[in-house]
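S.K.: Quick one: this structure, given as structure tokens, is what I'll be asking you about.
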Amino acid sequence: MPSPPKPPAARRAINHRVLQEVALRYFMEVANAGSVTEAAARLEVAPSAVSRQLGRLERELDTLLFERRARGMALNSAGELLAAHTRRAWLDIERVGDEILALRGLRQGAVRLAATEGFAYDFLPGLVAGFQERSPGIRFAVDMCTQAEVARRVREGLTDVGVTVSLSSERGLNVEYRHPSPILAVVAPGHPLAGRAQVALAQLAAYPLALPAKGSTLRQLLDISCSRQGLQLEPVLTSDHLYPLIQYVSHTRAVTFCGEIALRQQLRAGTVVAVPLRDREMNERHFEVQTMAGRHLPDAARAFIAHLRETLAAQG
């Protein structure tokens, strides 16, 4: 009697052990590095060993996972799917480890934060200090990044919580907290505009301007609004960083722009004054606390987000 035909490759059962072994670790290193050679150097193994493990993984899954390019390798759709699964699985293992420590009464854990500059300098360090007064066993790491980098790190599981500003919702992110973050004109206390209830961008053309470098969400909104109104704002100072701009305007008649949360310490100290802008685009930005969509956060990260919400609510 003839043997039954083998099932087509597309329907062949996957050996799930391969998704838990060294091949998966090598796959993720290549995904992060963008090349077999660089991944092998990071892993301290021969490139041929990495290539063998990738080949094994692709054979078992019966699909290619990378686009091979002249200058490296990039994940294709199947690779993106596998990478997302792997990150979530590894993050769940970390979370379970933290929860086991909590059951043993050790009250330990770690929270990784990524934030844009305005929040990384004053806002987050103060929040972390307040949180650690109640939970001293929790360790934190705070990385300062661009808005796009914050979103990428959260989406890829490289950080637990992102604190940033956003103009629109993004794929792969869960917004834990969202609040309007309008852009304000920032001037020295003795500036002619300091006592105004509101100003328009057109009124600022008469004053020296200190502007963020192109690429920030703040500068993008400024450029959009100026283009719509036919305005040309010529800065006397530009910077990739926020606080040199704020320090500069505190000593001059210049004007810069910032959100209220990032300015709180300077406003309380009275070194600068913030004036609301009535231009529509300047009021379309939001403060966001972001986490990876679909991820079950460790207890420490979840508790920190609750602390952040409570603190902002108390401050009004």
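Every chain in the structure tokens has a letter given in the order shown (A, B, ...), and although residue numbers restart at 1 in each chain, ligands are simply numbered from 1 in the order shown.
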Once DSSP has gone over the backbone, tell me which residues of segment 102-181 of chain A are in strand (DSSP E or B), as JSON, numbers by chain.
M.R.: {"A": [109, 110, 111, 112, 113, 114, 115, 138, 139, 140, 141, 142, 143, 144, 161, 162, 163, 164, 165, 166, 173, 174, 175, 176, 177, 178, 179, 180]}
S.K.: I'd like the neighbourhood of Val273 of chain A as an MDAnalysis selection string, where a residue qualifies if any of its atoms comes within 6 Å (using only C-alpha atoms), though same-chain residues fewer than 6 positions away should be ignored.
M.R.: chainID A and resid 186:189
S.K.: Considering only C-alpha atoms, return as a list in words whatever protein or nucleic-acid residues lie within 8 Å of Met292 of chain A, sequence-local ones (same chain, fewer than 2 positions apart) excluded.
M.R.: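 Counting only the stated atoms, we get Val154, Arg155, Glu156, Gly157, Asp160, Gly172, Leu173, Asn174, Gln290, Gly294 and Arg295 of chain A.
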S.K.: Skipping near chain neighbours, those fewer than 3 positions away, what residues fall within 12 Å of Val36 of chain A using only C-alpha atoms, listed as JSON, numbers by chain?
M.R.: {"A": [26, 27, 28, 29, 30, 31, 32, 33, 39, 40, 41, 42, 43, 44, 45, 46, 47, 48, 49, 50, 51, 52, 53, 54, 55, 66, 68, 69, 71, 72, 73, 74]}
S.K.: For the selection you just gave me, I'd like the residues written to a file as a short mmCIF file (atom, residue, chain, number, x, y, z; two decimals), in the first residue's frame, keeping N, CA and C atoms.
M.R.:
```cif
data_model
loop_
_atom_site.label_atom_id
_atom_site.label_comp_id
_atom_site.auth_asym_id
_atom_site.auth_seq_id
_atom_site.Cartn_x
_atom_site.Cartn_y
_atom_site.Cartn_z
N TYR A 26 20.33 34.50 18.27
CA TYR A 26 21.16 34.96 17.16
C TYR A 26 20.33 35.77 16.17
N PHE A 27 19.11 35.32 15.93
CA PHE A 27 18.20 36.05 15.03
C PHE A 27 17.99 37.47 15.54
N MET A 28 17.73 37.64 16.83
CA MET A 28 17.46 38.97 17.38
C MET A 28 18.71 39.85 17.32
N GLU A 29 19.88 39.26 17.49
CA GLU A 29 21.10 40.05 17.42
C GLU A 29 21.32 40.57 16.01
N VAL A 30 21.04 39.73 14.99
CA VAL A 30 21.16 40.18 13.61
C VAL A 30 20.12 41.26 13.32
N ALA A 31 18.90 41.09 13.85
CA ALA A 31 17.85 42.09 13.64
C ALA A 31 18.28 43.44 14.22
N ASN A 32 18.91 43.43 15.37
CA ASN A 32 19.34 44.68 16.01
C ASN A 32 20.58 45.27 15.35
N ALA A 33 21.50 44.41 14.93
CA ALA A 33 22.77 44.88 14.36
C ALA A 33 22.65 45.23 12.89
N ALA A 39 26.60 41.17 14.25
CA ALA A 39 25.95 40.35 15.26
C ALA A 39 26.93 39.33 15.84
N ALA A 40 27.75 38.71 14.97
CA ALA A 40 28.73 37.73 15.43
C ALA A 40 29.75 38.38 16.37
N ALA A 41 30.15 39.62 16.04
CA ALA A 41 31.11 40.33 16.90
C ALA A 41 30.50 40.59 18.28
N ARG A 42 29.24 40.97 18.32
CA ARG A 42 28.59 41.24 19.60
C ARG A 42 28.41 39.96 20.41
N LEU A 43 28.14 38.86 19.72
CA LEU A 43 27.93 37.58 20.39
C LEU A 43 29.23 36.86 20.70
N GLU A 44 30.34 37.36 20.11
CA GLU A 44 31.67 36.74 20.26
C GLU A 44 31.68 35.31 19.74
N VAL A 45 31.09 35.14 18.56
CA VAL A 45 31.11 33.84 17.87
C VAL A 45 31.50 34.09 16.42
N ALA A 46 31.74 33.02 15.67
CA ALA A 46 32.08 33.16 14.26
C ALA A 46 30.85 33.52 13.44
N PRO A 47 31.00 34.35 12.39
CA PRO A 47 29.86 34.66 11.53
C PRO A 47 29.19 33.42 10.96
N SER A 48 29.98 32.37 10.67
CA SER A 48 29.39 31.14 10.12
C SER A 48 28.42 30.51 11.11
N ALA A 49 28.69 30.64 12.42
CA ALA A 49 27.77 30.09 13.42
C ALA A 49 26.44 30.83 13.41
N VAL A 50 26.51 32.15 13.26
CA VAL A 50 25.28 32.95 13.19
C VAL A 50 24.50 32.58 11.93
N SER A 51 25.20 32.46 10.80
CA SER A 51 24.53 32.11 9.54
C SER A 51 23.86 30.75 9.63
N ARG A 52 24.52 29.78 10.28
CA ARG A 52 23.92 28.45 10.42
C ARG A 52 22.63 28.50 11.24
N GLN A 53 22.66 29.26 12.32
CA GLN A 53 21.46 29.35 13.16
C GLN A 53 20.32 30.07 12.45
N LEU A 54 20.65 31.11 11.68
CA LEU A 54 19.62 31.79 10.89
C LEU A 54 19.02 30.84 9.87
N GLY A 55 19.89 30.08 9.19
CA GLY A 55 19.41 29.13 8.19
C GLY A 55 18.51 28.09 8.81
N PHE A 66 14.68 37.79 6.53
CA PHE A 66 15.40 39.02 6.24
C PHE A 66 15.40 39.31 4.75
N ARG A 68 18.02 40.42 2.21
CA ARG A 68 19.48 40.53 2.10
C ARG A 68 19.81 41.69 1.18
N ARG A 69 20.54 42.67 1.69
CA ARG A 69 20.88 43.86 0.92
C ARG A 69 22.39 43.97 0.78
N ARG A 71 24.27 46.32 1.74
CA ARG A 71 24.89 46.88 2.95
C ARG A 71 24.26 46.35 4.23
N GLY A 72 23.88 45.10 4.22
CA GLY A 72 23.35 44.52 5.45
C GLY A 72 22.05 43.78 5.24
N MET A 73 21.33 43.60 6.33
CA MET A 73 20.11 42.83 6.32
C MET A 73 19.02 43.59 7.07
N ALA A 74 17.79 43.50 6.55
CA ALA A 74 16.66 44.15 7.19
C ALA A 74 15.52 43.14 7.31
#
```
S.K.: May I ask for the distance between atom CA of Thr164 of chain A and atom CA of Glu281 of chain A, given in Å to one decimal place?
M.R.: 17.8 Å
S.K.: Have a look at A:His241, A:Arg264, A:Arg302, A:Arg309 and name the one nearest to Phe123 of chain A; count only C-alpha atoms.
M.R.: A:Arg264
S.K.: Can you list, as a VMD selection string, every protein, DNA or RNA residue that comes within 8 Å of segment 137-151 of chain A when you count only C-alpha atoms, leaving out same-chain residues fewer than 4 positions away?
M.R.: chain A and resid 106 to 117 120 128 132 155 162 to 166 173 216 to 217 290 300
S.K.: Enumerate the residues of segment 59-175 of chain A with a DSSP assignment of alpha helix (DSSP H), computed from the backbone, and present them as a ChimeraX atom specification.
M.R.: /A:59-61,77-103,117-118,124-134,147-155
S.K.: Measuring atom to atom with only C-alpha atoms, identify which of A:Gln315, A:Ala84, A:Pro235, A:Asp240 is nearest to Gly215 of chain A.
M.R.: A:Asp240
S.K.: What lies within 7 Å of Met282 of chain A using only C-alpha atoms, ignoring chain neighbours under 5 positions off, as JSON, numbers by chain?
M.R.: {"A": [182, 183, 221, 277]}
S.K.: Could you pull the residues within 12 Å of Glu260 of chain A, counting only C-alpha atoms, minus those fewer than 6 positions along the same chain, as JSON, numbers by chain?
M.R.: {"A": [118, 119, 123, 165, 179, 180, 181, 182, 183, 184, 185, 186, 266, 267, 268, 272, 273, 274, 275, 276, 283, 285, 286, 287, 316]}
S.K.: Between atom CA of Arg253 of chain A and atom CA of Glu284 of chain A, measure the distance and give it in Å to one decimal.
M.R.: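 Atom-to-atom, atom CA of Arg253 of chain A and atom CA of Glu284 of chain A are spaced 26.8 Å apart.
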S.K.: Please, what distance in Å, to one decimal, runs between atom CA of Leu91 of chain A and atom CA of Ala293 of chain A?
M.R.: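 So the answer is 12.5 Å.
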